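entry-v3.txt follows; it contains compact mmCIF, C-alpha atoms.
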```
# COMPACT_ATOMS: atom_id res chain seq x y z
CA MET A 1 68.11 70.02 79.44
CA GLN A 2 71.77 70.87 79.58
CA SER A 3 72.96 74.45 79.32
CA TYR A 4 76.33 75.24 77.82
CA TRP A 5 78.04 78.49 77.06
CA PHE A 6 76.82 78.63 73.49
CA GLY A 7 73.27 77.38 74.06
CA ASP A 8 70.97 74.71 75.48
CA VAL A 9 70.90 71.05 74.49
CA ASP A 10 67.74 69.00 75.02
CA ASP A 11 67.52 65.36 73.86
CA GLY A 12 69.96 65.91 71.06
CA ARG A 13 68.18 69.04 69.87
CA CYS A 14 69.90 72.27 70.62
CA THR A 15 68.99 75.93 70.76
CA LEU A 16 71.74 78.41 70.08
CA PHE A 17 71.89 81.45 72.28
CA ILE A 18 72.01 84.61 70.27
CA GLY A 19 73.06 87.94 71.69
CA ASP A 20 75.95 90.33 72.07
CA SER A 21 78.89 89.54 74.34
CA ASN A 22 77.26 91.27 77.31
CA ALA A 23 74.16 89.13 76.99
CA ILE A 24 76.27 85.99 76.66
CA ILE A 25 78.20 86.80 79.84
CA ASP A 26 74.97 87.51 81.72
CA ARG A 27 73.64 84.16 80.58
CA ILE A 28 76.79 82.24 81.55
CA ARG A 29 76.77 83.80 84.99
CA SER A 30 73.15 82.87 85.52
CA ILE A 31 73.54 79.20 84.56
CA SER A 32 73.75 76.88 87.52
CA VAL A 33 73.38 73.12 87.46
CA SER A 34 74.54 70.58 90.02
CA MET A 35 77.60 68.64 88.95
CA ASP A 36 75.88 65.28 89.41
CA SER A 37 73.48 65.76 86.56
CA PHE A 38 75.95 67.55 84.37
CA ILE A 39 77.00 66.03 81.06
CA PRO A 40 80.39 67.28 79.89
CA LEU A 41 80.51 68.82 76.49
CA GLU A 42 82.49 67.61 73.53
CA TRP A 43 83.50 70.36 71.18
CA ASP A 44 82.05 68.57 68.15
CA GLN A 45 78.64 68.85 69.76
CA ALA A 46 78.98 72.61 69.43
CA VAL A 47 79.77 72.11 65.75
CA LEU A 48 76.66 69.97 65.31
CA CYS A 49 74.65 72.75 66.93
CA GLY A 50 76.07 75.20 64.48
CA ALA A 51 77.77 77.31 67.12
CA CYS A 52 81.06 77.07 65.27
CA SER A 53 82.55 75.50 62.17
CA ASP A 54 85.51 73.49 63.54
CA ARG A 55 87.69 73.07 66.60
CA ILE A 56 89.81 76.16 65.90
CA ASP A 57 86.65 78.21 65.53
CA TYR A 58 85.27 76.62 68.72
CA LEU A 59 88.33 77.62 70.74
CA ALA A 60 88.36 81.11 69.24
CA ARG A 61 84.72 81.70 70.21
CA LEU A 62 85.15 80.20 73.67
CA GLN A 63 88.25 82.33 74.19
CA ALA A 64 86.43 85.49 73.13
CA VAL A 65 83.66 84.78 75.64
CA CYS A 66 86.14 83.97 78.42
CA ILE A 67 88.20 87.09 77.76
CA ALA A 68 85.11 89.30 77.75
CA ASP A 69 83.94 87.75 81.01
CA ALA A 70 87.34 88.16 82.66
CA GLU A 71 87.54 91.76 81.48
CA ARG A 72 84.18 92.48 83.01
CA SER A 73 85.17 90.80 86.30
CA ILE A 74 88.34 92.87 86.44
CA ARG A 75 86.40 96.03 85.74
CA GLU A 76 83.90 95.16 88.47
CA GLN A 77 86.65 94.52 91.00
CA TYR A 78 88.48 97.73 90.16
CA ALA A 79 85.29 99.75 90.26
CA ARG A 80 85.03 99.11 93.98
CA LYS A 81 85.68 102.39 95.66
CA ASP A 82 88.58 101.20 97.80
CA ALA A 83 90.67 99.85 94.92
CA GLU A 84 92.07 103.22 93.91
CA LEU A 85 92.39 104.50 97.47
CA LEU A 86 94.65 101.54 98.14
CA GLN A 87 97.04 102.58 95.39
CA MET A 88 96.86 106.24 96.42
CA VAL A 89 97.81 105.69 100.03
CA ARG A 90 100.60 103.28 99.10
CA THR A 91 101.98 105.83 96.66
CA LEU A 92 101.80 108.45 99.38
CA ASP A 93 103.79 106.35 101.83
CA GLU A 94 106.33 105.52 99.15
CA ILE A 95 106.78 109.19 98.24
CA ASP A 96 107.43 109.88 101.92
CA THR A 97 110.19 107.30 101.95
CA VAL A 98 111.71 108.69 98.78
CA ILE A 99 111.65 112.27 100.08
CA ASN A 100 113.34 111.23 103.32
CA LEU A 101 116.02 109.19 101.59
CA LEU A 102 116.76 111.89 99.03
CA SER A 103 116.92 114.75 101.49
CA GLU A 104 119.21 112.77 103.82
CA ARG A 105 121.52 112.00 100.92
CA ALA A 106 121.44 115.58 99.61
CA ALA A 107 122.26 116.87 103.09
CA GLU A 108 125.32 114.60 103.24
CA TRP A 109 126.38 115.88 99.86
CA TYR A 110 125.84 119.48 100.95
CA LEU A 111 128.02 118.86 104.04
CA VAL A 112 130.91 117.82 101.85
CA ARG A 113 130.61 121.00 99.82
CA HIS A 114 130.35 123.18 102.92
CA PRO A 115 132.74 121.70 105.49
CA SER A 116 131.83 124.29 108.12
CA PHE A 117 128.12 123.54 107.94
CA SER A 118 126.52 121.54 110.72
CA ARG A 119 122.96 120.84 111.80
CA LYS A 120 123.87 120.66 115.44
CA TYR A 121 122.27 123.25 117.72
CA ARG A 122 119.91 124.33 115.00
CA ARG A 123 116.31 123.42 114.64
CA THR A 124 116.20 123.48 110.90
CA PRO A 125 113.26 121.47 109.60
CA ALA A 126 114.13 119.26 106.64
CA HIS A 127 112.19 121.31 104.11
CA VAL A 128 113.99 124.51 105.13
CA LEU A 129 117.32 122.75 104.74
CA VAL A 130 116.29 121.61 101.27
CA LYS A 131 115.40 125.19 100.42
CA THR A 132 118.83 126.51 101.47
CA MET A 133 120.48 123.71 99.55
CA ARG A 134 118.52 124.71 96.46
CA GLU A 135 119.51 128.36 96.82
CA LYS A 136 123.17 127.81 97.63
CA SER A 137 124.04 124.90 95.38
CA LYS A 138 124.97 124.89 91.75
CA GLY A 139 124.70 122.03 89.35
CA ALA A 140 123.16 118.67 90.07
CA LEU A 141 122.78 119.15 93.83
CA GLY A 142 120.63 122.23 93.26
CA ARG A 143 118.49 120.26 90.83
CA VAL A 144 118.08 117.42 93.30
CA ALA A 145 116.88 119.96 95.87
CA VAL A 146 114.38 121.32 93.35
CA GLU A 147 113.11 117.80 92.70
CA ILE A 148 112.70 117.15 96.42
CA GLU A 149 110.67 120.32 96.81
CA GLN A 150 108.44 119.43 93.89
CA LEU A 151 107.98 115.95 95.26
CA SER A 152 106.94 117.46 98.60
CA GLU A 153 104.32 119.55 96.82
CA THR A 154 102.98 116.48 95.08
CA ARG A 155 102.92 114.72 98.43
CA THR A 156 100.82 117.46 100.05
CA PHE A 157 98.44 117.42 97.11
CA LEU A 158 98.14 113.63 97.20
CA ALA A 159 97.63 113.61 100.96
CA LYS A 160 94.61 115.87 100.56
CA GLU A 161 93.16 113.62 97.88
CA VAL A 162 93.73 110.54 100.04
CA SER A 163 91.94 112.20 102.95
CA ALA A 164 89.01 113.24 100.80
CA ARG A 165 88.73 109.82 99.18
CA ALA A 166 88.96 108.06 102.55
CA ASN A 167 86.15 110.25 103.86
CA SER A 168 83.88 109.08 101.09
CA VAL A 169 84.96 105.41 101.01
CA MET A 170 85.07 104.85 104.76
CA PRO A 171 83.13 107.71 106.39
CA ASN A 172 82.83 106.16 109.86
CA THR A 173 86.41 104.98 110.25
CA SER A 174 87.67 108.32 108.89
CA ALA A 175 85.50 110.24 111.35
CA LEU A 176 86.97 108.21 114.20
CA ILE A 177 90.67 108.35 113.39
CA GLY A 178 91.06 110.74 110.47
CA GLY A 179 91.21 110.07 106.75
CA LEU A 180 94.94 109.43 106.41
CA VAL A 181 95.20 106.95 109.26
CA ALA A 182 92.03 105.23 108.09
CA ALA A 183 93.48 104.90 104.61
CA ARG A 184 96.70 103.44 106.02
CA LEU A 185 94.71 100.84 107.95
CA LEU A 186 92.93 100.02 104.71
CA SER A 187 96.20 99.62 102.86
CA HIS A 188 97.63 97.30 105.51
CA ALA A 189 94.48 95.18 105.59
CA GLY A 190 94.41 95.03 101.78
CA GLY A 191 90.92 96.37 101.18
CA LEU A 192 87.71 97.44 102.88
CA LEU A 193 86.24 93.93 102.83
CA LEU A 194 89.36 92.49 104.44
CA LEU A 195 89.53 95.30 106.98
CA SER A 196 85.90 94.82 107.95
CA ARG A 197 86.56 91.12 108.50
CA LEU A 198 89.49 91.68 110.84
CA PRO A 199 88.95 91.25 114.57
CA ALA A 200 89.64 94.31 116.73
CA SER A 201 92.72 92.64 118.20
CA ALA A 202 94.25 92.40 114.74
CA ILE A 203 93.36 96.00 113.88
CA GLN A 204 95.04 97.08 117.11
CA VAL A 205 98.43 95.74 115.98
CA LEU A 206 98.02 96.33 112.24
CA GLY A 207 101.29 97.82 111.06
CA ALA A 208 103.32 96.41 113.95
CA ARG A 209 104.14 93.22 112.14
CA THR A 210 107.78 92.91 113.21
CA ALA A 211 106.96 93.45 116.86
CA LEU A 212 104.01 91.06 116.67
CA PHE A 213 105.94 88.20 115.16
CA SER A 214 108.92 88.72 117.40
CA HIS A 215 106.43 88.49 120.26
CA LEU A 216 104.93 85.29 118.90
CA LYS A 217 108.32 83.69 118.28
CA THR A 218 110.27 84.87 121.28
CA ARG A 219 109.36 86.14 124.68
CA SER A 220 109.41 89.81 123.79
CA PRO A 221 106.41 91.84 124.99
CA CYS A 222 103.47 92.04 122.60
CA PRO A 223 102.92 95.27 120.67
CA LYS A 224 100.20 97.49 122.12
CA HIS A 225 99.49 99.41 118.95
CA GLY A 226 100.39 99.62 115.28
CA ILE A 227 99.12 102.28 112.93
CA ILE A 228 96.48 103.43 115.39
CA PHE A 229 99.33 104.85 117.48
CA GLN A 230 99.05 107.80 115.07
CA HIS A 231 95.73 108.70 116.65
CA ARG A 232 96.20 111.46 119.18
CA ARG A 233 94.21 109.66 121.89
CA VAL A 234 96.74 106.85 121.74
CA HIS A 235 100.02 108.70 121.47
CA ASN A 236 98.99 111.42 123.90
CA ALA A 237 97.86 108.94 126.51
CA PRO A 238 100.19 108.25 129.44
CA ARG A 239 102.28 105.16 128.89
CA ASN A 240 100.56 102.97 131.44
CA ILE A 241 97.12 103.24 129.86
CA ARG A 242 98.19 103.49 126.23
CA GLY A 243 97.47 99.84 125.61
CA LYS A 244 94.02 100.23 127.06
CA VAL A 245 93.21 103.23 124.88
CA ALA A 246 94.52 101.39 121.82
CA ARG A 247 92.35 98.39 122.63
CA VAL A 248 89.18 100.43 122.99
CA LEU A 249 89.94 102.44 119.87
CA ALA A 250 90.62 99.29 117.86
CA GLY A 251 87.31 97.86 119.00
CA LYS A 252 85.45 100.91 117.78
CA ILE A 253 87.39 100.95 114.49
CA ALA A 254 86.40 97.33 113.89
CA ILE A 255 82.74 98.30 114.22
CA ALA A 256 83.23 101.41 112.11
CA ALA A 257 84.88 99.42 109.31
CA ARG A 258 81.94 97.03 109.24
CA LEU A 259 79.51 99.96 109.11
CA ASP A 260 81.55 101.38 106.23
CA TYR A 261 81.55 98.15 104.30
CA PHE A 262 77.93 97.14 104.81
CA ARG A 263 76.22 100.54 105.03
CA GLY A 264 78.66 102.95 103.47
CA VAL A 265 77.15 106.03 105.11
CA THR A 266 77.88 107.89 108.31
CA ALA A 267 76.26 106.58 111.46
CA PRO A 268 76.12 109.63 113.76
CA ASP A 269 74.75 107.75 116.80
CA PHE A 270 77.53 105.22 116.70
CA LEU A 271 80.21 107.87 116.17
CA GLU A 272 79.03 109.90 119.12
CA ALA A 273 78.91 106.92 121.45
CA ALA A 274 82.27 105.64 120.24
CA GLN A 275 83.94 109.01 120.68
CA GLU A 276 82.56 109.26 124.19
CA ARG A 277 83.81 105.80 125.07
CA ILE A 278 87.29 106.52 123.68
CA ASP A 279 87.51 109.83 125.52
CA ALA A 280 86.38 108.16 128.73
CA VAL A 281 89.18 105.58 128.83
CA GLY A 282 91.84 107.96 130.02
CA LYS A 283 89.72 109.76 132.57
CA ARG A 284 88.60 106.71 134.47
CA ASN A 285 92.18 105.94 135.37
CA GLU A 286 93.08 109.37 136.63
CA PRO A 287 93.73 109.50 140.37
CA MET B 1 110.20 68.52 74.85
CA ILE B 2 112.64 70.52 72.78
CA TRP B 3 116.17 70.74 74.11
CA ILE B 4 119.28 72.28 72.60
CA GLY B 5 122.11 71.16 74.83
CA ASP B 6 120.77 71.85 78.28
CA VAL B 7 118.53 74.73 77.24
CA LEU B 8 114.79 74.01 77.28
CA LEU B 9 112.88 75.58 74.40
CA SER B 10 109.33 75.95 73.22
CA GLN B 11 108.13 76.77 69.74
CA GLY B 12 105.98 79.88 69.55
CA GLU B 13 105.65 83.60 69.10
CA GLY B 14 108.31 85.30 71.23
CA GLY B 15 108.42 88.52 73.19
CA VAL B 16 105.91 87.55 75.87
CA TYR B 17 108.19 88.61 78.74
CA ASN B 18 111.35 89.53 76.82
CA GLU B 19 112.50 85.93 76.87
CA ARG B 20 115.66 84.97 75.00
CA MET B 21 115.22 83.37 71.58
CA LEU B 22 117.37 80.51 70.32
CA GLY B 23 117.14 79.33 66.73
CA GLY B 24 113.65 80.83 66.35
CA ALA B 25 112.36 79.14 69.52
CA ARG B 26 111.69 80.62 72.94
CA VAL B 27 114.05 79.80 75.78
CA TRP B 28 112.11 78.47 78.78
CA ASP B 29 114.13 79.82 81.69
CA PRO B 30 114.16 77.64 84.83
CA HIS B 31 114.83 80.74 86.91
CA ARG B 32 111.61 82.36 85.72
CA SER B 33 109.35 79.35 85.67
CA LYS B 34 109.09 76.59 88.28
CA MET B 35 107.71 74.23 85.69
CA SER B 36 110.80 74.65 83.55
CA ALA B 37 112.90 74.00 86.63
CA LEU B 38 111.05 70.71 87.03
CA TYR B 39 112.12 69.62 83.55
CA HIS B 40 115.67 70.68 84.30
CA VAL B 41 115.84 68.39 87.32
CA GLY B 42 114.20 65.70 85.22
CA THR B 43 110.83 65.24 86.93
CA GLY B 44 108.53 67.25 84.68
CA VAL B 45 105.57 65.68 82.91
CA GLU B 46 106.19 65.24 79.21
CA LEU B 47 103.98 67.72 77.34
CA LYS B 48 102.49 66.32 74.13
CA THR B 49 100.84 67.99 71.18
CA GLY B 50 97.30 66.74 71.76
CA MET B 51 97.06 67.53 75.46
CA ARG B 52 94.36 69.68 76.98
CA VAL B 53 95.72 71.34 80.08
CA LEU B 54 93.85 72.78 83.02
CA TYR B 55 96.28 75.18 84.64
CA LEU B 56 95.34 76.37 88.11
CA GLY B 57 97.03 79.50 89.38
CA ALA B 58 98.02 80.81 85.97
CA ALA B 59 99.21 84.15 87.38
CA ASN B 60 100.78 86.43 84.77
CA GLY B 61 100.86 83.80 82.05
CA THR B 62 104.62 83.34 81.81
CA THR B 63 104.60 79.58 82.27
CA VAL B 64 101.20 79.33 80.59
CA SER B 65 102.60 80.76 77.38
CA HIS B 66 105.28 78.06 77.23
CA VAL B 67 102.84 75.27 78.03
CA ALA B 68 100.57 76.60 75.30
CA ASP B 69 103.45 76.30 72.82
CA TYR B 70 103.52 72.54 73.37
CA VAL B 71 99.90 71.47 73.85
CA ASP B 72 96.54 71.70 72.11
CA VAL B 73 94.83 74.04 74.54
CA VAL B 74 95.39 75.52 78.01
CA TYR B 75 92.50 76.50 80.25
CA ALA B 76 94.18 78.98 82.56
CA VAL B 77 92.44 79.67 85.86
CA GLU B 78 93.41 82.75 87.80
CA PHE B 79 91.64 84.53 90.62
CA ALA B 80 93.31 87.90 91.18
CA PRO B 81 92.52 90.83 88.88
CA ARG B 82 96.04 92.26 88.62
CA PRO B 83 97.80 89.19 87.16
CA MET B 84 94.65 88.50 85.13
CA GLN B 85 95.32 91.67 83.15
CA ASP B 86 98.64 90.22 82.01
CA LEU B 87 97.15 86.79 81.39
CA LEU B 88 94.49 88.35 79.14
CA GLU B 89 97.20 90.02 77.10
CA VAL B 90 98.90 86.64 76.64
CA SER B 91 95.67 84.92 75.63
CA ARG B 92 94.80 87.59 73.08
CA ARG B 93 97.99 86.69 71.25
CA ARG B 94 97.59 82.92 71.52
CA ARG B 95 94.53 81.19 70.17
CA ASN B 96 94.91 78.17 72.50
CA VAL B 97 94.95 79.97 75.85
CA ILE B 98 91.49 80.25 77.42
CA PRO B 99 91.56 82.54 80.47
CA ILE B 100 89.12 81.78 83.27
CA MET B 101 88.69 84.21 86.11
CA ALA B 102 87.56 82.10 89.03
CA ASP B 103 88.67 80.70 92.36
CA ALA B 104 90.40 77.41 91.66
CA ALA B 105 90.15 76.43 95.31
CA ARG B 106 86.37 76.32 95.05
CA PRO B 107 85.37 74.75 91.75
CA ASN B 108 81.80 74.36 92.97
CA SER B 109 81.51 78.07 93.55
CA MET B 110 81.96 78.73 89.86
CA PRO B 111 78.81 77.27 88.42
CA ARG B 112 79.02 79.28 85.27
CA TRP B 113 82.38 77.78 84.40
CA SER B 114 81.71 74.22 85.37
CA LYS B 115 78.88 74.47 82.87
CA LEU B 116 81.36 75.30 80.18
CA SER B 117 82.35 71.67 80.23
CA ILE B 118 85.87 72.55 81.02
CA CYS B 119 86.43 73.46 84.53
CA SER B 120 85.50 71.01 87.20
CA ILE B 121 88.45 68.88 88.16
CA ARG B 122 86.09 66.17 89.33
CA MET B 123 84.49 66.10 85.95
CA TRP B 124 87.80 65.85 84.18
CA LEU B 125 89.01 63.02 86.34
CA SER B 126 85.75 61.13 86.21
CA LEU B 127 85.97 61.06 82.45
CA ASN B 128 89.52 59.77 82.65
CA ARG B 129 90.69 62.11 80.01
CA GLN B 130 94.23 63.07 79.38
CA VAL B 131 94.81 65.92 81.72
CA LEU B 132 97.78 67.50 83.32
CA LEU B 133 97.16 69.26 86.57
CA PHE B 134 99.80 71.76 87.36
CA GLY B 135 98.70 73.97 90.19
CA ILE B 136 101.18 76.34 91.67
CA VAL B 137 99.93 76.42 95.20
CA ARG B 138 100.66 79.49 97.22
CA SER B 139 101.23 78.79 100.89
```
Transcribe the structure of this file into structure tokens.
Amino acid sequence: MQSYWFGDVDDGRCTLFIGDSNAIIDRIRSISVSMDSFIPLEWDQAVLCGACSDRIDYLARLQAVCIADAERSIREQYARKDAELLQMVRTLDEIDTVINLLSERAAEWYLVRHPSFSRKYRRTPAHVLVKTMREKSKGALGRVAVEIEQLSETRTFLAKEVSARANSVMPNTSALIGGLVAARLLSHAGGLLLLSRLPASAIQVLGARTALFSHLKTRSPCPKHGIIFQHRRVHNAPRNIRGKVARVLAGKIAIAARLDYFRGVTAPDFLEAAQERIDAVGKRNEP
Amino acid sequence: MIWIGDVLLSQGEGGVYNERMLGGARVWDPHRSKMSALYHVGTGVELKTGMRVLYLGAANGTTVSHVADYVDVVYAVEFAPRPMQDLLEVSRRRRNVIPIMADAARPNSMPRWSKLSICSIRMWLSLNRQVLLFGIVRS
């Protein structure tokens, strides 16, 4: 018996498959025959079976089935929990870039309007400067400052959502290095599956692409850390053991990512042991 | 292939990707489509009306839409969901584009499609049918 998308054919007799598009897709996905025994289908056979009236009708029906199947596949892929987190964290990083660019440009503009103004010897954080620019500027510059402030608000809001989402999508990794950093790792790897497949050595330098390739091509020293530098244990560590801390942390993240992908729930025992191990790295080296 | 001067054209419904129209036909831009570029340097395979094309790596359906203007039917295989969304939009408007969401690198891993009588390359070649393989291979 040969199974085709519209039905089964057995010794010239065929049985049409009847059902709605969901049932048809389920059936197609369940069919599996080895290629050696497979007899290719001619479209007129489908006509003989009564699946369609002519070639145009045959193509139209086949297309409808294929489109429905592709739509379902897309929906299934997008329904994975990390798909949206990926977009969220990338948007977040892009908003950061935009805010920085805009506020730098607005500050330059503001300097031209106020020749006596200087940022030297002042510790004005960027957002305070934007606020003064909004209050003291008329016209378009003031509006730009307003936009920057609103964008910053959106950024804060989004950052919270990213953190919360990361906690639910990758509970173990988030518990180790914090939601935001975990989400950034995810975005660089391209998804939870891909992250969980990465070796620890790759996770360690994720986000340090330029340095890594310049190391591979030339004789420059290899990067010790990429995104995981944002973890306090790494950037607070003394320079000489930073690489070591990063290596240990990356190892634990690799395990955590696999736990997240295959289990999807917190593993308290692992987290405790991992935290202890990470905290221990620095101490062992102290004189 | 339809040429006006040195502009390559295809006959079909326009507006797929805001392509230019010339005398009611769609301009097939060599800067947007590698396959068109092939014809412009003179090495492309002549597309004929009766052909059935298996197109691997269909992506967003830009090139696919032009191929579909020339041939009988295009089975467009694409793996990634994002470009597939665009490809689906193209196939909804063209009755001879059949979108297939599968990994073209592993035809044996898509049993459901090889059963559709359309998708195994081996099968196509073994039957010696008229087929044009145009895979845009990424890296």
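From CA of Val146 (chain A) back to CA of Lys131 (chain A), the distance works out to 8.1 Å.
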Hey, can I get the axis-aligned box for region 188-192 of chain A? All listed atoms, 6 Å padding on each side, centre and edge lengths in Å to one decimal, as lines of an AutoDock Vina configuration file.
```
center_x = 92.7
center_y = 96.2
center_z = 103.4
size_x = 21.9
size_y = 14.4
size_z = 16.4
```
Within 9 Å of chain B, which residues belong to chain A? Use all atoms listed in the file and report them as a CSV table (one decimal) with C-alpha atoms, in the frame of the given file.
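Below is the file that was written, out13.csv:
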```csv
chain,number,residue,atom,x,y,z
A,2,GLN,CA,71.8,70.9,79.6
A,3,SER,CA,73.0,74.4,79.3
A,4,TYR,CA,76.3,75.2,77.8
A,5,TRP,CA,78.0,78.5,77.1
A,6,PHE,CA,76.8,78.6,73.5
A,27,ARG,CA,73.6,84.2,80.6
A,28,ILE,CA,76.8,82.2,81.6
A,29,ARG,CA,76.8,83.8,85.0
A,30,SER,CA,73.2,82.9,85.5
A,31,ILE,CA,73.5,79.2,84.6
A,32,SER,CA,73.8,76.9,87.5
A,33,VAL,CA,73.4,73.1,87.5
A,34,SER,CA,74.5,70.6,90.0
A,35,MET,CA,77.6,68.6,89.0
A,38,PHE,CA,76.0,67.6,84.4
A,39,ILE,CA,77.0,66.0,81.1
A,40,PRO,CA,80.4,67.3,79.9
A,41,LEU,CA,80.5,68.8,76.5
A,42,GLU,CA,82.5,67.6,73.5
A,56,ILE,CA,89.8,76.2,65.9
A,59,LEU,CA,88.3,77.6,70.7
A,60,ALA,CA,88.4,81.1,69.2
A,62,LEU,CA,85.2,80.2,73.7
A,63,GLN,CA,88.2,82.3,74.2
A,64,ALA,CA,86.4,85.5,73.1
A,66,CYS,CA,86.1,84.0,78.4
A,67,ILE,CA,88.2,87.1,77.8
A,69,ASP,CA,83.9,87.8,81.0
A,70,ALA,CA,87.3,88.2,82.7
A,71,GLU,CA,87.5,91.8,81.5
A,73,SER,CA,85.2,90.8,86.3
A,74,ILE,CA,88.3,92.9,86.4
A,75,ARG,CA,86.4,96.0,85.7
A,77,GLN,CA,86.6,94.5,91.0
A,78,TYR,CA,88.5,97.7,90.2
```
Skip Val7 (chain B) itself and residues of its chain fewer than 2 positions away, then list as an mmCIF file with C-alpha atoms, keeping the file's coordinate frame all residues within 8 Å of it, counting only C-alpha atoms.
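Dumped to result22.cif:
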```
data_model
loop_
_atom_site.group_PDB
_atom_site.id
_atom_site.type_symbol
_atom_site.label_atom_id
_atom_site.label_comp_id
_atom_site.auth_asym_id
_atom_site.auth_seq_id
_atom_site.Cartn_x
_atom_site.Cartn_y
_atom_site.Cartn_z
ATOM 1 C CA TRP B 3 116.170 70.740 74.110
ATOM 2 C CA ILE B 4 119.280 72.280 72.600
ATOM 3 C CA GLY B 5 122.110 71.160 74.830
ATOM 4 C CA LEU B 9 112.880 75.580 74.400
ATOM 5 C CA VAL B 27 114.050 79.800 75.780
ATOM 6 C CA TRP B 28 112.110 78.470 78.780
#
```
inquiry  = Which residues are close to Thr132 (chain A), i.e. within 10 Å by only C-alpha atoms, leaving aside same-chain residues fewer than 3 positions away? Reply as number ranges by chain.
reply    = A: 110, 127-129, 135-137, 142, 145
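What separates CA of Met133 (chain A) from CA of Val89 (chain A) is a distance of 29.0 Å.
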task = Starting from the point (93.0, 104.4, 107.5), work out which residues of protein, DNA or RNA have an atom no more than 10 Å away when counting only C-alpha atoms; state them as an MDAnalysis selection string.
result = chainID A and resid 86 89 162:163 166:167 170 173:174 176:189 192 195 227:228 253 257
task = Quick one: everything within 8 Å of Ala68 (chain A), counting only C-alpha atoms, minus sequence neighbours fewer than 4 positions away in the same chain. Send it as a ChimeraX atom specification.
result = /A:21,25,64,72
inquiry  = Report as a VMD selection string all protein, DNA and RNA residues lying within 10 Å of Pro199 (chain A), evaluated on all atoms listed in the file, omitting residues in the same chain fewer than 4 positions from it.
reply    = chain A and resid 195 203 to 204 250 to 251 253 to 255
